[in-house]
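Undergrad: Have a peek at query29.cif (mmCIF, C-alpha atoms).
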data_coords
#
loop_
_atom_site.group_PDB
_atom_site.id
_atom_site.type_symbol
_atom_site.label_atom_id
_atom_site.label_comp_id
_atom_site.auth_asym_id
_atom_site.auth_seq_id
_atom_site.Cartn_x
_atom_site.Cartn_y
_atom_site.Cartn_z
ATOM 1 C CA MET G 53 13.486 -1.594 -89.015
ATOM 2 C CA ARG G 54 16.325 -4.126 -88.557
ATOM 3 C CA LYS G 55 18.866 -1.310 -88.439
ATOM 4 C CA LEU G 56 16.903 0.439 -85.694
ATOM 5 C CA VAL G 57 16.924 -2.526 -83.265
ATOM 6 C CA PRO G 58 20.696 -2.447 -82.538
ATOM 7 C CA ILE G 59 20.580 1.309 -82.002
ATOM 8 C CA VAL G 60 17.689 1.033 -79.539
ATOM 9 C CA LEU G 61 19.447 -1.792 -77.682
ATOM 10 C CA LEU G 62 22.639 0.233 -77.480
ATOM 11 C CA LEU G 63 20.745 3.192 -76.036
ATOM 12 C CA LEU G 64 19.017 1.018 -73.462
ATOM 13 C CA ILE G 65 22.254 -0.606 -72.358
ATOM 14 C CA SER G 66 24.118 2.690 -72.073
ATOM 15 C CA GLY G 67 21.279 4.156 -70.037
ATOM 16 C CA CYS G 68 21.835 1.464 -67.422
ATOM 17 C CA GLY G 69 25.410 2.514 -66.703
ATOM 18 C CA TYR G 70 25.302 1.974 -62.977
ATOM 19 C CA TYR G 71 22.262 -0.153 -62.322
ATOM 20 C CA SER G 72 22.527 -3.738 -61.158
ATOM 21 C CA PHE G 73 19.945 -6.484 -61.285
ATOM 22 C CA THR G 74 19.591 -6.352 -57.495
ATOM 23 C CA GLY G 75 18.111 -2.876 -57.817
ATOM 24 C CA ALA G 76 21.241 -1.302 -56.337
ATOM 25 C CA THR G 77 22.583 1.737 -58.108
ATOM 26 C CA ILE G 78 26.112 3.042 -57.677
ATOM 27 C CA PRO G 79 27.496 6.158 -59.371
ATOM 28 C CA GLU G 80 29.815 5.286 -62.263
ATOM 29 C CA HIS G 81 32.841 7.010 -60.745
ATOM 30 C CA LEU G 82 32.781 4.725 -57.670
ATOM 31 C CA GLY G 83 34.666 1.480 -58.190
ATOM 32 C CA SER G 84 35.851 0.548 -54.711
ATOM 33 C CA ILE G 85 34.613 0.753 -51.142
ATOM 34 C CA ALA G 86 36.315 0.553 -47.761
ATOM 35 C CA ILE G 87 34.296 -0.878 -44.891
ATOM 36 C CA PRO G 88 36.419 -0.714 -41.750
ATOM 37 C CA LEU G 89 35.575 -2.824 -38.707
ATOM 38 C CA VAL G 90 32.370 -1.489 -37.180
ATOM 39 C CA GLU G 91 32.978 0.295 -33.895
ATOM 40 C CA ASP G 92 30.872 -1.064 -31.020
ATOM 41 C CA ASN G 93 30.250 1.635 -28.418
ATOM 42 C CA SER G 94 27.257 -0.155 -26.945
ATOM 43 C CA ILE G 95 27.189 -1.862 -23.613
ATOM 44 C CA SER G 96 26.257 -5.345 -24.725
ATOM 45 C CA THR G 97 26.725 -8.867 -23.463
ATOM 46 C CA VAL G 98 26.798 -10.113 -27.057
ATOM 47 C CA SER G 99 30.319 -10.398 -28.392
ATOM 48 C CA ALA G 100 31.421 -10.050 -32.007
ATOM 49 C CA MET G 101 28.589 -7.730 -33.095
ATOM 50 C CA ASP G 102 31.210 -5.478 -34.692
ATOM 51 C CA GLU G 103 32.630 -8.326 -36.776
ATOM 52 C CA GLU G 104 29.184 -9.670 -37.699
ATOM 53 C CA MET G 105 27.924 -6.263 -38.874
ATOM 54 C CA THR G 106 31.107 -5.602 -40.855
ATOM 55 C CA GLN G 107 30.800 -8.943 -42.653
ATOM 56 C CA LEU G 108 27.090 -8.409 -43.388
ATOM 57 C CA LEU G 109 27.910 -5.087 -45.059
ATOM 58 C CA ILE G 110 30.845 -6.462 -47.027
ATOM 59 C CA ASP G 111 28.628 -9.269 -48.293
ATOM 60 C CA ARG G 112 26.018 -6.815 -49.518
ATOM 61 C CA PHE G 113 28.201 -4.086 -51.011
ATOM 62 C CA VAL G 114 30.736 -6.364 -52.683
ATOM 63 C CA ARG G 115 28.512 -9.257 -53.737
ATOM 64 C CA GLN G 116 25.445 -7.261 -54.780
ATOM 65 C CA THR G 117 27.171 -4.344 -56.541
ATOM 66 C CA ARG G 118 30.134 -3.924 -58.850
ATOM 67 C CA LEU G 119 32.189 -2.316 -56.049
ATOM 68 C CA SER G 120 35.420 -3.996 -55.031
ATOM 69 C CA LEU G 121 36.554 -4.072 -51.419
ATOM 70 C CA GLU G 122 39.504 -1.782 -50.742
ATOM 71 C CA PRO G 123 41.345 -2.459 -47.455
ATOM 72 C CA ASN G 124 42.988 0.983 -47.465
ATOM 73 C CA GLU G 125 40.406 3.583 -46.401
ATOM 74 C CA LEU G 126 42.315 6.431 -48.049
ATOM 75 C CA ALA G 127 42.577 4.641 -51.401
ATOM 76 C CA ALA G 128 38.891 3.691 -51.620
ATOM 77 C CA ASP G 129 36.435 5.628 -53.774
ATOM 78 C CA ALA G 130 33.765 5.285 -51.076
ATOM 79 C CA LEU G 131 34.000 4.844 -47.314
ATOM 80 C CA LEU G 132 31.280 3.255 -45.183
ATOM 81 C CA SER G 133 31.794 3.804 -41.446
ATOM 82 C CA LEU G 134 29.502 2.550 -38.693
ATOM 83 C CA ILE G 135 29.231 2.814 -34.943
ATOM 84 C CA ILE G 136 26.905 0.639 -32.880
ATOM 85 C CA THR G 137 25.666 3.297 -30.488
ATOM 86 C CA ARG G 138 22.989 1.501 -28.488
ATOM 87 C CA TYR G 139 22.034 -1.973 -27.383
ATOM 88 C CA ASP G 140 18.956 -2.624 -25.273
ATOM 89 C CA ASN G 141 17.611 -5.914 -23.977
ATOM 90 C CA VAL G 142 14.296 -5.497 -22.185
ATOM 91 C CA PRO G 143 11.371 -7.765 -21.295
ATOM 92 C CA THR G 144 8.285 -7.353 -23.468
ATOM 93 C CA SER G 145 6.141 -9.985 -21.788
ATOM 94 C CA VAL G 146 6.072 -11.026 -18.139
ATOM 95 C CA SER G 147 4.381 -14.052 -16.557
ATOM 96 C CA GLY G 148 2.207 -13.995 -13.433
ATOM 97 C CA ASN G 149 5.238 -14.677 -11.228
ATOM 98 C CA GLU G 150 6.924 -11.598 -12.735
ATOM 99 C CA GLN G 151 9.432 -13.570 -14.793
ATOM 100 C CA ALA G 152 10.157 -12.428 -18.352
ATOM 101 C CA THR G 153 8.661 -14.714 -20.995
ATOM 102 C CA ARG G 154 9.772 -12.598 -24.009
ATOM 103 C CA ASN G 155 12.662 -10.166 -24.354
ATOM 104 C CA ARG G 156 13.411 -7.634 -27.066
ATOM 105 C CA VAL G 157 16.882 -6.798 -28.297
ATOM 106 C CA SER G 158 17.076 -3.339 -29.902
ATOM 107 C CA ILE G 159 20.184 -2.079 -31.685
ATOM 108 C CA THR G 160 20.946 1.391 -33.033
ATOM 109 C CA VAL G 161 23.747 2.085 -35.502
ATOM 110 C CA SER G 162 25.128 5.408 -36.739
ATOM 111 C CA VAL G 163 26.191 5.342 -40.402
ATOM 112 C CA GLN G 164 28.338 7.609 -42.548
ATOM 113 C CA TYR G 165 28.764 6.805 -46.240
ATOM 114 C CA GLN G 166 31.229 9.093 -48.012
ATOM 115 C CA ASP G 167 32.037 9.562 -51.703
ATOM 116 C CA GLN G 168 35.786 10.198 -51.432
ATOM 117 C CA VAL G 169 36.197 10.929 -55.154
ATOM 118 C CA GLU G 170 33.857 13.916 -55.166
ATOM 119 C CA ASP G 171 34.188 14.610 -51.423
ATOM 120 C CA ALA G 172 30.441 14.266 -50.892
ATOM 121 C CA GLU G 173 28.415 12.796 -48.079
ATOM 122 C CA LEU G 174 26.119 10.117 -49.479
ATOM 123 C CA LEU G 175 24.454 9.023 -46.246
ATOM 124 C CA ASN G 176 24.578 10.182 -42.641
ATOM 125 C CA ARG G 177 21.888 8.792 -40.359
ATOM 126 C CA THR G 178 21.024 6.225 -37.745
ATOM 127 C CA PHE G 179 19.324 2.879 -38.257
ATOM 128 C CA SER G 180 17.574 0.751 -35.662
ATOM 129 C CA ALA G 181 16.042 -2.692 -35.536
ATOM 130 C CA PHE G 182 14.790 -5.125 -32.953
ATOM 131 C CA GLU G 183 14.123 -8.805 -32.533
ATOM 132 C CA GLU G 184 12.304 -10.688 -29.786
ATOM 133 C CA TYR G 185 13.331 -13.961 -28.201
ATOM 134 C CA ALA G 186 12.461 -16.356 -25.372
ATOM 135 C CA PRO G 187 14.902 -15.585 -22.551
ATOM 136 C CA PHE G 188 15.120 -19.176 -21.273
ATOM 137 C CA ASP G 189 18.000 -20.112 -23.574
ATOM 138 C CA PRO G 190 21.147 -17.965 -23.283
ATOM 139 C CA ASP G 191 21.986 -18.432 -26.990
ATOM 140 C CA GLN G 192 18.680 -16.828 -27.966
ATOM 141 C CA GLU G 193 19.883 -13.319 -27.088
ATOM 142 C CA GLU G 194 22.817 -13.596 -29.485
ATOM 143 C CA SER G 195 20.577 -15.009 -32.223
ATOM 144 C CA ALA G 196 18.135 -12.138 -31.741
ATOM 145 C CA ALA G 197 20.953 -9.572 -31.817
ATOM 146 C CA PHE G 198 22.367 -11.005 -35.045
ATOM 147 C CA ALA G 199 18.877 -11.085 -36.594
ATOM 148 C CA ALA G 200 18.504 -7.374 -35.751
ATOM 149 C CA LEU G 201 21.913 -6.695 -37.334
ATOM 150 C CA ILE G 202 20.757 -8.412 -40.545
ATOM 151 C CA LYS G 203 17.737 -6.084 -40.679
ATOM 152 C CA ILE G 204 19.958 -3.052 -40.131
ATOM 153 C CA ALA G 205 22.442 -4.176 -42.811
ATOM 154 C CA GLU G 206 19.588 -4.550 -45.310
ATOM 155 C CA ASP G 207 18.239 -1.098 -44.438
ATOM 156 C CA ILE G 208 21.691 0.492 -44.773
ATOM 157 C CA PHE G 209 22.306 -1.206 -48.114
ATOM 158 C CA THR G 210 18.917 -0.123 -49.444
ATOM 159 C CA ALA G 211 19.372 3.479 -48.283
ATOM 160 C CA ALA G 212 22.927 3.694 -49.645
ATOM 161 C CA THR G 213 22.113 2.260 -53.058
ATOM 162 C CA SER G 214 18.707 3.710 -53.829
ATOM 163 C CA ASN G 215 19.291 7.446 -53.534
ATOM 164 C CA TRP G 216 20.439 7.879 -57.123
#
Before we go any further, please render this structure as C-alpha coordinates.

TA:
Amino acid sequence: MRKLVPIVLLLLISGCGYYSFTGATIPEHLGSIAIPLVEDNSISTVSAMDEEMTQLLIDRFVRQTRLSLEPNELAADALLSLIITRYDNVPTSVSGNEQATRNRVSITVSVQYQDQVEDAELLNRTFSAFEEYAPFDPDQEESAAFAALIKIAEDIFTAATSNW
(Lines of atoms letter the chains of each structure in order from A and count residues from 1; the text may use other names and numbers.)
(Lines give C-alpha, C1' and ligand atoms only; values in the text may rest on other atoms or scores of the structure.)
Protein backbone atom coordinates (compact mmCIF):
# COMPACT_ATOMS: atom_id res chain seq x y z
CA MET A 1 0.00 0.00 0.00
CA ARG A 2 2.86 2.42 0.81
CA LYS A 3 4.30 1.94 -2.66
CA LEU A 4 0.96 2.81 -4.25
CA VAL A 5 0.61 6.23 -2.56
CA PRO A 6 3.51 7.92 -4.43
CA ILE A 7 2.26 6.55 -7.74
CA VAL A 8 -1.26 7.86 -7.14
CA LEU A 9 0.11 11.26 -6.10
CA LEU A 10 2.27 11.42 -9.20
CA LEU A 11 -0.73 10.65 -11.40
CA LEU A 12 -2.84 13.30 -9.71
CA ILE A 13 -0.15 15.95 -10.05
CA SER A 14 0.52 15.18 -13.70
CA GLY A 15 -3.19 15.33 -14.45
CA CYS A 16 -3.22 18.94 -13.28
CA GLY A 17 -0.72 20.10 -15.89
CA TYR A 18 -2.35 23.41 -16.63
CA TYR A 19 -4.74 24.06 -13.79
CA SER A 20 -4.16 26.80 -11.26
CA PHE A 21 -5.66 27.23 -7.82
CA THR A 22 -7.69 30.20 -9.06
CA GLY A 23 -9.66 27.85 -11.28
CA ALA A 24 -8.02 29.26 -14.40
CA THR A 25 -6.81 26.76 -16.94
CA ILE A 26 -4.29 27.54 -19.65
CA PRO A 27 -3.10 25.07 -22.29
CA GLU A 28 0.40 23.78 -21.54
CA HIS A 29 1.91 25.12 -24.76
CA LEU A 30 1.04 28.73 -23.84
CA GLY A 31 3.68 30.40 -21.69
CA SER A 32 3.37 34.08 -22.56
CA ILE A 33 0.66 36.57 -23.42
CA ALA A 34 0.66 39.97 -25.08
CA ILE A 35 -2.01 42.43 -24.00
CA PRO A 36 -1.63 45.59 -26.07
CA LEU A 37 -3.20 48.86 -24.95
CA VAL A 38 -6.97 48.54 -25.27
CA GLU A 39 -8.35 50.60 -28.13
CA ASP A 40 -11.11 53.01 -27.07
CA ASN A 41 -13.47 53.70 -29.97
CA SER A 42 -16.27 54.88 -27.71
CA ILE A 43 -17.40 58.43 -27.35
CA SER A 44 -16.86 58.88 -23.64
CA THR A 45 -16.16 61.73 -21.28
CA VAL A 46 -14.19 59.37 -19.05
CA SER A 47 -10.49 59.44 -19.82
CA ALA A 48 -8.01 56.60 -19.36
CA MET A 49 -10.53 53.76 -19.79
CA ASP A 50 -8.11 52.15 -22.24
CA GLU A 51 -5.26 52.19 -19.72
CA GLU A 52 -7.48 51.04 -16.85
CA MET A 53 -8.87 48.08 -18.82
CA THR A 54 -5.41 47.07 -20.03
CA GLN A 55 -4.05 47.07 -16.47
CA LEU A 56 -7.05 45.10 -15.15
CA LEU A 57 -6.40 42.39 -17.74
CA ILE A 58 -2.66 42.28 -17.13
CA ASP A 59 -3.32 41.90 -13.41
CA ARG A 60 -5.61 38.95 -14.00
CA PHE A 61 -3.73 37.07 -16.71
CA VAL A 62 -0.25 37.51 -15.27
CA ARG A 63 -0.99 37.35 -11.55
CA GLN A 64 -3.64 34.62 -11.62
CA THR A 65 -2.08 32.30 -14.21
CA ARG A 66 1.40 31.06 -15.02
CA LEU A 67 1.52 33.23 -18.17
CA SER A 68 4.26 35.83 -18.43
CA LEU A 69 3.63 39.20 -20.04
CA GLU A 70 5.31 39.56 -23.43
CA PRO A 71 5.59 43.15 -24.72
CA ASN A 72 6.17 42.00 -28.31
CA GLU A 73 2.84 40.88 -29.80
CA LEU A 74 4.52 38.74 -32.45
CA ALA A 75 6.68 36.88 -29.92
CA ALA A 76 3.84 36.05 -27.52
CA ASP A 77 2.22 32.62 -27.42
CA ALA A 78 -1.20 34.23 -26.92
CA LEU A 79 -2.57 37.63 -27.91
CA LEU A 80 -5.48 39.34 -26.15
CA SER A 81 -6.84 42.33 -28.08
CA LEU A 82 -9.74 44.53 -26.99
CA ILE A 83 -11.72 47.43 -28.36
CA ILE A 84 -14.11 49.48 -26.25
CA THR A 85 -16.90 49.84 -28.78
CA ARG A 86 -19.66 51.55 -26.83
CA TYR A 87 -20.13 53.83 -23.86
CA ASP A 88 -23.56 54.97 -22.74
CA ASN A 89 -24.49 57.20 -19.83
CA VAL A 90 -28.25 57.51 -19.41
CA PRO A 91 -30.61 58.45 -16.58
CA THR A 92 -32.40 55.54 -14.92
CA SER A 93 -34.35 57.54 -12.37
CA VAL A 94 -35.79 61.04 -12.68
CA SER A 95 -37.21 63.28 -9.95
CA GLY A 96 -40.50 65.20 -10.15
CA ASN A 97 -38.71 68.25 -11.56
CA GLU A 98 -37.33 66.04 -14.36
CA GLN A 99 -33.77 66.02 -13.04
CA ALA A 100 -31.84 62.74 -13.12
CA THR A 101 -31.38 61.18 -9.68
CA ARG A 102 -29.60 58.01 -10.92
CA ASN A 103 -27.55 57.43 -14.06
CA ARG A 104 -26.31 54.21 -15.60
CA VAL A 105 -22.97 53.82 -17.34
CA SER A 106 -22.93 50.91 -19.81
CA ILE A 107 -19.77 49.76 -21.56
CA THR A 108 -19.35 47.23 -24.36
CA VAL A 109 -16.01 45.68 -25.28
CA SER A 110 -15.08 43.49 -28.25
CA VAL A 111 -12.51 40.80 -27.41
CA GLN A 112 -10.25 38.59 -29.50
CA TYR A 113 -8.04 36.03 -27.76
CA GLN A 114 -5.68 34.21 -30.12
CA ASP A 115 -3.45 31.17 -29.62
CA GLN A 116 -0.50 32.21 -31.80
CA VAL A 117 1.34 28.90 -31.34
CA GLU A 118 -1.40 26.78 -32.90
CA ASP A 119 -2.96 29.65 -34.88
CA ALA A 120 -6.33 29.14 -33.21
CA GLU A 121 -8.98 31.57 -32.07
CA LEU A 122 -9.67 30.99 -28.38
CA LEU A 123 -12.29 33.70 -27.85
CA ASN A 124 -14.07 36.18 -30.09
CA ARG A 125 -17.07 37.93 -28.56
CA THR A 126 -18.36 41.05 -26.91
CA PHE A 127 -18.78 41.71 -23.20
CA SER A 128 -20.92 44.35 -21.55
CA ALA A 129 -21.46 45.63 -18.04
CA PHE A 130 -23.10 48.55 -16.33
CA GLU A 131 -22.96 50.44 -13.08
CA GLU A 132 -25.30 53.07 -11.65
CA TYR A 133 -24.32 56.24 -9.84
CA ALA A 134 -25.76 59.46 -8.40
CA PRO A 135 -25.10 62.16 -11.00
CA PHE A 136 -24.61 64.98 -8.48
CA ASP A 137 -20.88 64.38 -8.11
CA PRO A 138 -18.82 64.53 -11.33
CA ASP A 139 -16.33 61.93 -10.04
CA GLN A 140 -19.13 59.38 -9.70
CA GLU A 141 -19.34 58.80 -13.46
CA GLU A 142 -15.68 57.82 -13.64
CA SER A 143 -16.03 55.55 -10.60
CA ALA A 144 -19.05 53.87 -12.18
CA ALA A 145 -17.22 53.43 -15.49
CA PHE A 146 -14.21 51.85 -13.79
CA ALA A 147 -16.50 49.57 -11.75
CA ALA A 148 -18.10 48.40 -15.02
CA LEU A 149 -14.63 47.78 -16.48
CA ILE A 150 -13.77 45.58 -13.47
CA LYS A 151 -16.87 43.47 -14.15
CA ILE A 152 -15.95 43.15 -17.82
CA ALA A 153 -12.34 42.20 -17.00
CA GLU A 154 -13.58 39.45 -14.66
CA ASP A 155 -15.97 38.14 -17.32
CA ILE A 156 -13.24 38.14 -19.98
CA PHE A 157 -10.80 36.35 -17.68
CA THR A 158 -13.39 33.73 -16.75
CA ALA A 159 -14.39 33.12 -20.37
CA ALA A 160 -10.78 32.95 -21.57
CA THR A 161 -9.60 30.56 -18.88
CA SER A 162 -12.54 28.22 -18.44
CA ASN A 163 -13.08 26.87 -21.94
CA TRP A 164 -10.60 24.03 -21.58

Undergrad: What separation in Å, quoted to one decimal, exists between CA of Leu82 (chain G) and CA of Leu132 (chain G)?

TA: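 Between CA of Leu82 (chain G) and CA of Leu132 (chain G) the gap works out to 12.7 Å.
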
Undergrad: As number ranges by chain, please: the residues near region 140-157 of chain G (cut-off 12 Å, all atoms listed in the file, same-chain neighbours under 2 positions excluded).

TA: G: 94-98, 136-138, 159-160, 180-190, 192-201

Undergrad: Could you pull the residues within 12 Å of Val114 (chain G), counting all atoms listed in the file, minus those fewer than 2 positions along the same chain, as number ranges by chain?

TA: G: 76, 78, 83-87, 106-112, 116-122, 209

Undergrad: Find the residues around Gln168 (chain G) up to 8 Å (all atoms listed in the file counted), leave out those fewer than 4 positions away in its own chain, and share them as a list of chain:residue names.

TA: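 Here the qualifying residues turn out to be G:Ala128, G:Asp129, G:Ala130, G:Leu131, G:Ala172.
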
Undergrad: Return the padded bounding box of region 159-178 of chain G as JSON: axis-aligned, built from all atoms listed in the file, 3 Å added on each side, with centre and edge lengths in Å to one decimal.

TA:
{"center_x": 28.2, "center_y": 6.3, "center_z": -43.4, "size_x": 22.0, "size_y": 22.7, "size_z": 29.5}

Undergrad: With a distance cut-off of 12 Å and all atoms listed in the file, select the neighbouring residues of Glu173 (chain G), excluding the residue or stretch itself and same-chain residues fewer than 2 positions from it, and output the selection as a PyMOL selection string.

TA: chain G and resi 130-133+163-171+175-177+212+215

Undergrad: So how many Å separate CA of Ala205 (chain G) and CA of His81 (chain G), to one decimal?

TA: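 A separation of 23.6 Å between them.
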
Undergrad: Can you tell me how far CA of Ser162 (chain G) sits from CA of Asp191 (chain G), in Å to one decimal?

TA: 25.9 Å

Undergrad: Tell me which of G:Asn93, G:Glu104, G:Thr77, G:Phe179 sits closest to Glu206 (chain G), counting all atoms listed in the file.

TA: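 Nearest to Glu206 (chain G): G:Phe179.
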
Undergrad: Just checking: using all atoms listed in the file, which residue out of G:Ile135, G:Glu125, G:Glu91, G:Met101 ends up closest to Ile202 (chain G)?

TA: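 Closest to Ile202 (chain G), using all atoms listed in the file: G:Met101.
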